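K.L.:
Pasting input00.txt below, which is compact mmCIF, C-alpha atoms and all ligand atoms.
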```txt
# COMPACT_ATOMS: atom_id res chain seq x y z
CA MET A 1 29.72 -2.80 -19.61
CA ALA A 2 28.34 -2.86 -16.08
CA GLU A 3 26.33 -5.90 -15.06
CA PRO A 4 22.59 -4.97 -15.18
CA ARG A 5 20.98 -4.82 -11.75
CA ASN A 6 19.06 -8.00 -11.14
CA ARG A 7 17.36 -7.30 -7.86
CA TYR A 8 15.78 -4.35 -6.11
CA SER A 9 17.94 -2.25 -3.76
CA THR A 10 17.74 -2.93 -0.02
CA VAL A 11 15.83 0.36 0.44
CA SER A 12 13.25 -0.74 -2.16
CA LEU A 13 12.91 -4.18 -0.54
CA VAL A 14 12.42 -2.73 2.95
CA LEU A 15 9.84 -0.23 1.64
CA HIS A 16 7.97 -2.88 -0.42
CA TRP A 17 7.69 -5.42 2.37
CA GLY A 18 7.19 -2.81 5.11
CA ILE A 19 4.28 -1.24 3.25
CA ALA A 20 2.83 -4.68 2.34
CA ALA A 21 2.89 -5.69 6.05
CA LEU A 22 1.29 -2.38 7.10
CA VAL A 23 -1.47 -2.78 4.46
CA LEU A 24 -2.26 -6.26 5.76
CA GLY A 25 -2.23 -4.78 9.28
CA GLN A 26 -4.77 -2.11 8.23
CA ILE A 27 -7.30 -4.75 7.24
CA ILE A 28 -6.74 -6.71 10.47
CA LEU A 29 -7.02 -3.55 12.59
CA ILE A 30 -10.25 -2.36 10.97
CA THR A 31 -11.73 -5.84 11.39
CA ALA A 32 -10.76 -5.76 15.07
CA ALA A 33 -12.20 -2.24 15.45
CA GLU A 34 -15.51 -3.27 13.93
CA ALA A 35 -15.80 -6.48 15.98
CA GLU A 36 -18.49 -6.49 18.65
CA GLY A 37 -17.32 -5.45 22.13
CA SER A 38 -13.79 -4.61 20.93
CA ASN A 39 -11.56 -1.89 22.28
CA ARG A 40 -12.52 0.25 19.28
CA GLY A 41 -10.59 3.36 20.36
CA LEU A 42 -7.28 1.50 20.48
CA TRP A 43 -7.74 -0.33 17.15
CA MET A 44 -8.85 2.87 15.39
CA MET A 45 -5.85 4.78 16.77
CA LEU A 46 -3.59 2.03 15.40
CA HIS A 47 -5.50 2.01 12.07
CA LYS A 48 -5.11 5.76 11.65
CA SER A 49 -1.44 5.68 12.69
CA GLY A 50 -0.74 2.74 10.35
CA GLY A 51 -2.48 4.61 7.52
CA MET A 52 -0.37 7.73 8.05
CA ALA A 53 2.78 5.57 8.20
CA ILE A 54 1.75 4.08 4.83
CA LEU A 55 1.26 7.57 3.40
CA ILE A 56 4.70 8.71 4.54
CA LEU A 57 6.42 5.50 3.35
CA THR A 58 4.61 5.59 -0.01
CA LEU A 59 5.75 9.18 -0.61
CA THR A 60 9.29 8.13 0.34
CA ARG A 61 9.02 5.19 -2.01
CA ILE A 62 7.82 7.30 -4.94
CA GLY A 63 10.73 9.70 -4.32
CA TRP A 64 13.17 6.78 -4.20
CA ARG A 65 11.62 5.30 -7.35
CA ILE A 66 12.05 8.57 -9.26
CA ALA A 67 15.69 8.82 -8.15
CA ASN A 68 16.33 5.11 -8.88
CA PRO A 69 14.23 3.97 -11.86
CA ALA A 70 12.79 0.44 -11.80
CA ILE A 71 14.85 -2.41 -13.17
CA ALA A 72 13.56 -3.66 -16.51
CA LEU A 73 11.20 -6.63 -16.61
CA PRO A 74 12.52 -9.70 -18.51
CA SER A 75 12.86 -8.80 -22.20
CA ALA A 76 11.08 -12.04 -23.19
CA LEU A 77 7.88 -10.80 -21.54
CA PRO A 78 5.15 -9.72 -24.02
CA LYS A 79 4.60 -5.96 -24.14
CA TRP A 80 1.00 -6.18 -22.86
CA GLN A 81 2.16 -8.02 -19.73
CA LYS A 82 4.76 -5.35 -19.01
CA VAL A 83 2.12 -2.63 -19.43
CA PHE A 84 -0.32 -4.60 -17.24
CA ALA A 85 2.26 -5.07 -14.46
CA ARG A 86 3.31 -1.40 -14.51
CA THR A 87 -0.33 -0.26 -14.54
CA THR A 88 -0.99 -2.36 -11.43
CA HIS A 89 2.03 -0.77 -9.74
CA VAL A 90 0.92 2.78 -10.59
CA LEU A 91 -2.61 2.03 -9.33
CA PHE A 92 -1.09 0.69 -6.09
CA TYR A 93 0.68 4.01 -5.59
CA VAL A 94 -2.53 5.96 -6.32
CA VAL A 95 -4.63 3.84 -3.90
CA LEU A 96 -1.95 3.96 -1.18
CA LEU A 97 -1.98 7.77 -1.37
CA VAL A 98 -5.73 8.38 -1.77
CA LEU A 99 -6.83 5.92 0.98
CA PRO A 100 -4.87 7.52 3.82
CA LEU A 101 -5.50 11.04 2.47
CA THR A 102 -9.28 10.57 2.47
CA GLY A 103 -9.14 9.13 6.02
CA TRP A 104 -6.99 12.02 7.22
CA LEU A 105 -9.11 14.65 5.41
CA ALA A 106 -12.36 13.15 6.78
CA GLY A 107 -11.02 13.22 10.34
CA SER A 108 -9.82 16.79 9.79
CA ALA A 109 -13.21 17.91 8.43
CA MET A 110 -14.75 16.58 11.66
CA GLN A 111 -12.00 18.21 13.78
CA ARG A 112 -11.40 14.71 15.15
CA GLY A 113 -7.74 14.21 15.87
CA PHE A 114 -5.82 11.10 16.92
CA GLU A 115 -2.53 10.28 18.59
CA PHE A 116 0.12 8.83 16.27
CA TYR A 117 0.79 5.44 17.92
CA GLY A 118 -0.10 7.11 21.22
CA LEU A 119 2.98 9.34 20.97
CA PHE A 120 1.76 12.79 19.88
CA ASP A 121 -1.30 14.49 18.40
CA PHE A 122 -1.14 14.05 14.64
CA PRO A 123 -1.75 17.41 12.91
CA LEU A 124 -5.10 17.95 11.24
CA LEU A 125 -5.44 19.43 7.77
CA PRO A 126 -7.08 22.85 7.46
CA VAL A 127 -10.35 21.67 5.92
CA GLY A 128 -13.85 22.57 7.00
CA GLY A 129 -17.12 21.12 5.85
CA GLY A 130 -17.99 19.06 8.90
CA ARG A 131 -20.09 15.93 8.69
CA GLU A 132 -21.18 16.31 5.03
CA THR A 133 -17.62 16.58 3.73
CA ALA A 134 -16.43 13.80 6.02
CA ARG A 135 -19.21 11.51 4.80
CA ALA A 136 -18.32 12.12 1.12
CA LEU A 137 -14.65 11.43 1.83
CA MET A 138 -15.47 8.27 3.78
CA THR A 139 -17.52 6.98 0.83
CA ILE A 140 -14.28 7.01 -1.15
CA HIS A 141 -12.36 5.57 1.82
CA THR A 142 -14.69 2.60 2.21
CA SER A 143 -14.96 1.90 -1.56
CA LEU A 144 -11.29 1.99 -2.52
CA PRO A 145 -10.27 -1.08 -0.48
CA LYS A 146 -12.17 -3.18 -3.06
CA LEU A 147 -9.82 -1.93 -5.76
CA LEU A 148 -6.91 -2.58 -3.40
CA TYR A 149 -7.97 -6.22 -2.94
CA VAL A 150 -8.25 -6.69 -6.73
CA LEU A 151 -4.77 -5.20 -7.19
CA VAL A 152 -3.27 -7.44 -4.48
CA PHE A 153 -4.89 -10.49 -6.10
CA LEU A 154 -3.59 -9.62 -9.59
CA HIS A 155 -0.16 -8.72 -8.19
CA VAL A 156 0.28 -11.95 -6.23
CA ALA A 157 -1.13 -14.03 -9.11
CA GLY A 158 1.40 -12.31 -11.41
CA ALA A 159 4.26 -13.03 -8.98
CA LEU A 160 3.26 -16.72 -8.79
CA LYS A 161 2.95 -16.92 -12.59
CA HIS A 162 6.51 -15.61 -12.94
CA GLN A 163 7.80 -18.06 -10.37
CA PHE A 164 6.01 -21.24 -11.43
CA ILE A 165 4.97 -20.80 -15.09
CA ASP A 166 7.51 -18.43 -16.66
CA ARG A 167 10.14 -19.74 -14.23
CA ASP A 168 12.10 -16.46 -14.41
CA ASN A 169 13.78 -14.34 -11.70
CA VAL A 170 11.10 -11.72 -11.08
CA LEU A 171 10.16 -13.04 -7.62
CA HIS A 172 13.83 -13.45 -6.70
CA ARG A 173 14.27 -9.70 -7.36
CA MET A 174 11.76 -8.92 -4.61
CA ILE A 175 12.58 -11.94 -2.35
CA PRO A 176 16.36 -12.40 -2.71
CA LEU A 177 16.14 -15.43 -0.36
CA ILE A 178 14.60 -17.32 -3.29
CA PRO A 179 17.57 -18.72 -5.22
CA ARG A 180 18.35 -17.04 -8.52
CA ARG A 181 17.76 -19.18 -11.59
CA PRO A 182 20.59 -19.41 -14.12
C1 LIG A 201 -0.28 -5.15 -0.11
C2 LIG A 201 0.71 -5.82 -0.59
C3 LIG A 201 1.61 -5.35 -1.71
C4 LIG A 201 1.75 -4.12 -2.30
C5 LIG A 201 1.00 -2.81 -1.95
C6 LIG A 201 2.78 -4.24 -3.34
C7 LIG A 201 3.18 -3.21 -4.18
C8 LIG A 201 4.15 -3.31 -5.16
C9 LIG A 201 4.57 -2.25 -6.04
C10 LIG A 201 3.98 -0.84 -6.05
C11 LIG A 201 5.57 -2.73 -6.83
C12 LIG A 201 6.33 -1.98 -7.92
C13 LIG A 201 7.66 -1.50 -7.44
C14 LIG A 201 8.21 -0.47 -8.40
O1 LIG A 201 7.75 0.67 -8.32
O2 LIG A 201 9.05 -0.83 -9.21
C15 LIG A 201 5.78 -4.10 -6.47
C16 LIG A 201 6.71 -4.95 -7.04
C17 LIG A 201 6.76 -6.31 -6.80
N1 LIG A 201 6.02 -7.02 -5.86
FE1 LIG A 201 4.64 -6.28 -4.62
N2 LIG A 201 3.23 -5.53 -3.35
C18 LIG A 201 2.54 -6.25 -2.38
C19 LIG A 201 2.70 -7.58 -2.06
C20 LIG A 201 3.48 -8.48 -2.76
C21 LIG A 201 3.53 -9.90 -2.52
C22 LIG A 201 2.70 -10.64 -1.46
C23 LIG A 201 4.42 -10.41 -3.43
C24 LIG A 201 4.87 -11.83 -3.64
C25 LIG A 201 4.10 -12.87 -3.62
C26 LIG A 201 4.94 -9.31 -4.22
C27 LIG A 201 5.86 -9.41 -5.22
C28 LIG A 201 6.37 -8.36 -5.96
C29 LIG A 201 7.40 -8.51 -6.99
C30 LIG A 201 8.05 -9.82 -7.42
C31 LIG A 201 7.65 -7.23 -7.51
C32 LIG A 201 8.68 -6.87 -8.59
C33 LIG A 201 8.05 -6.73 -9.93
C34 LIG A 201 9.11 -6.23 -10.90
O3 LIG A 201 10.23 -6.71 -10.85
O4 LIG A 201 8.79 -5.32 -11.66
N3 LIG A 201 4.35 -8.14 -3.78
N4 LIG A 201 4.90 -4.44 -5.45
C1 LIG A 202 -3.55 2.70 3.30
C2 LIG A 202 -4.14 3.09 4.41
C3 LIG A 202 -5.55 2.67 4.80
C4 LIG A 202 -6.25 1.54 4.47
C5 LIG A 202 -5.84 0.35 3.60
C6 LIG A 202 -7.54 1.65 5.12
C7 LIG A 202 -8.58 0.73 5.03
C8 LIG A 202 -9.81 0.84 5.63
C9 LIG A 202 -10.88 -0.11 5.53
C10 LIG A 202 -10.80 -1.43 4.75
C11 LIG A 202 -11.92 0.36 6.24
C12 LIG A 202 -13.27 -0.32 6.45
C13 LIG A 202 -14.22 0.13 5.39
C14 LIG A 202 -15.62 -0.42 5.59
O1 LIG A 202 -16.09 -0.45 6.74
O2 LIG A 202 -16.21 -0.80 4.58
C15 LIG A 202 -11.53 1.63 6.81
C16 LIG A 202 -12.34 2.42 7.62
C17 LIG A 202 -11.92 3.58 8.23
N1 LIG A 202 -10.68 4.17 8.14
FE1 LIG A 202 -9.15 3.51 7.01
N2 LIG A 202 -7.58 2.84 5.86
C18 LIG A 202 -6.37 3.47 5.68
C19 LIG A 202 -5.99 4.69 6.26
C20 LIG A 202 -6.76 5.44 7.15
C21 LIG A 202 -6.36 6.70 7.77
C22 LIG A 202 -5.00 7.39 7.55
C23 LIG A 202 -7.39 7.11 8.54
C24 LIG A 202 -7.52 8.35 9.40
C25 LIG A 202 -6.53 9.16 9.73
C26 LIG A 202 -8.46 6.13 8.43
C27 LIG A 202 -9.66 6.20 9.08
C28 LIG A 202 -10.70 5.31 8.92
C29 LIG A 202 -12.01 5.46 9.55
C30 LIG A 202 -12.44 6.58 10.48
C31 LIG A 202 -12.77 4.36 9.12
C32 LIG A 202 -14.22 4.06 9.50
C33 LIG A 202 -14.28 3.08 10.62
C34 LIG A 202 -15.68 2.75 11.02
O3 LIG A 202 -16.53 3.64 10.98
O4 LIG A 202 -15.92 1.60 11.36
N3 LIG A 202 -8.03 5.12 7.57
N4 LIG A 202 -10.22 1.91 6.42
```
Starting from the file, give its structure as structure tokens.

P.N.:
Amino acid sequence: MAEPRNRYSTVSLVLHWGIAALVLGQIILITAAEAEGSNRGLWMMLHKSGGMAILILTLTRIGWRIANPAIALPSALPKWQKVFARTTHVLFYVVLLVLPLTGWLAGSAMQRGFEFYGLFDFPLLPVGGGRETARALMTIHTSLPKLLYVLVFLHVAGALKHQFIDRDNVLHRMIPLIPRRP
């Protein structure tokens, strides 16, 4: 019988850590944009571009995930923990789609375009509604990061629990540089 896969594929690793870095970047960029006397236009252009990159990479990742199903969590793990971990992952995917979509839709409703990393005009979506619609969408856009922070906290706490309490190989699967335990 074939040896079960014990780490994520290189594509999955690159997508996981690339998206994680971009998400961290989004928070830094919005903080820079909102700082007094900052070059707001530049930081917002980078925030919007980073958000669209996250949307594209998340869609790619979901496609990859469907084609290559996740490797099983350790069989010793209680069922509720497996369900909890998978629920967190699904919610990550939902948030990482809805956040950029609401930003993009809000900008489109206002007919306010932006240049993708200063390279070309990013297309707007065909939505009307103007300021009212944009405001409703931005209410979602500014609320959802709270859920994102909770998810990141639970996710990192879970990863540390696996590494230091369960002492299994879950973190090694996502950071192959960490030595595999026997
Ligand atoms: C914003 C930051 C992050 C996001 C959005 C994120 C998202 C995700 C998602 C969606 C999965 C599930 C992959 C799948 O579909 O199978 C996953 C798996 C994983 N992540 Fe993260 N992650 C982030 C940061 C981190 C950090 C900082 C760590 C380590 C401390 C980490 C460790 C892991 C591990 C170990 C797994 C594998 C779990 C398993 O084997 O089922 N992640 N992450
Ligand atoms: C995963 C991707 C994204 C994340 C994590 C994210 C996160 C955030 C956060 C944390 C804020 C600040 C909320 C507040 O002030 O309470 C914000 C504001 C904003 N975002 Fe995003 N965002 C993302 C994608 C986008 C995209 C794709 C666009 C537009 C194309 C966009 C446009 C905006 C705008 C216009 C604001 C309001 C800025 C202001 O008025 O100060 N965002 N975003």

K.L.:
What does the list of residues within 6 Å of ligand LIG 201 (chain A) look like if you count only C-alpha atoms and all ligand atoms, written as number ranges by chain?

P.N.:
A: 20, 23, 70, 73, 89, 92-93, 152, 156, 159, 170-171, 174

K.L.:
What do you get as a list in words if you pick all residues at most 7 Å from ligand LIG 202 (chain A), counting all atoms listed in the file?

P.N.:
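Here is the list of contacting residues: Val23, Gln26, Ile27, Ile30, Ala33, Glu34, His47, Lys48, Ser49, Gly50, Gly51, Met52, Ile54, Leu55, Leu96, Leu99, Pro100, Leu101, Gly103, Trp104, Gly107, His141, Thr142, Ser143 and Pro145 of chain A.
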
K.L.:
How many Å lie between atom CA of A:Lys161 and atom CA of A:Tyr8, rounded to one decimal?

P.N.:
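Taking atom CA of A:Lys161 as the start and atom CA of A:Tyr8 as the end point, the length is 19.1 Å.
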
K.L.:
Find, counting all atoms listed in the file, the residue in A:Val95, A:Leu105, A:Ala76, A:Met45 that gets nearest to A:Tyr117.

P.N.:
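That would be A:Met45, the residue with the smallest distance to A:Tyr117.
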
K.L.:
Please, which residues are within 12 Å of (-14.1, 14.5, 14.2) by the file's coordinates, counting all atoms listed in the file, and could they come as a list in words?

P.N.:
Gly103, Trp104, Leu105, Ala106, Gly107, Ser108, Ala109, Met110, Gln111, Arg112, Gly113, Phe114, Leu124, Leu125, Val127, Gly128, Gly129, Gly130, Arg131, Glu132, Thr133, Ala134 and Arg135 of chain A

K.L.:
Please determine, counting all atoms listed in the file, which residue among A:Leu77, A:Leu119, A:Leu15, A:Leu177 has the shortest atom-to-atom distance to A:Leu46.

P.N.:
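Nearest to A:Leu46: A:Leu119.
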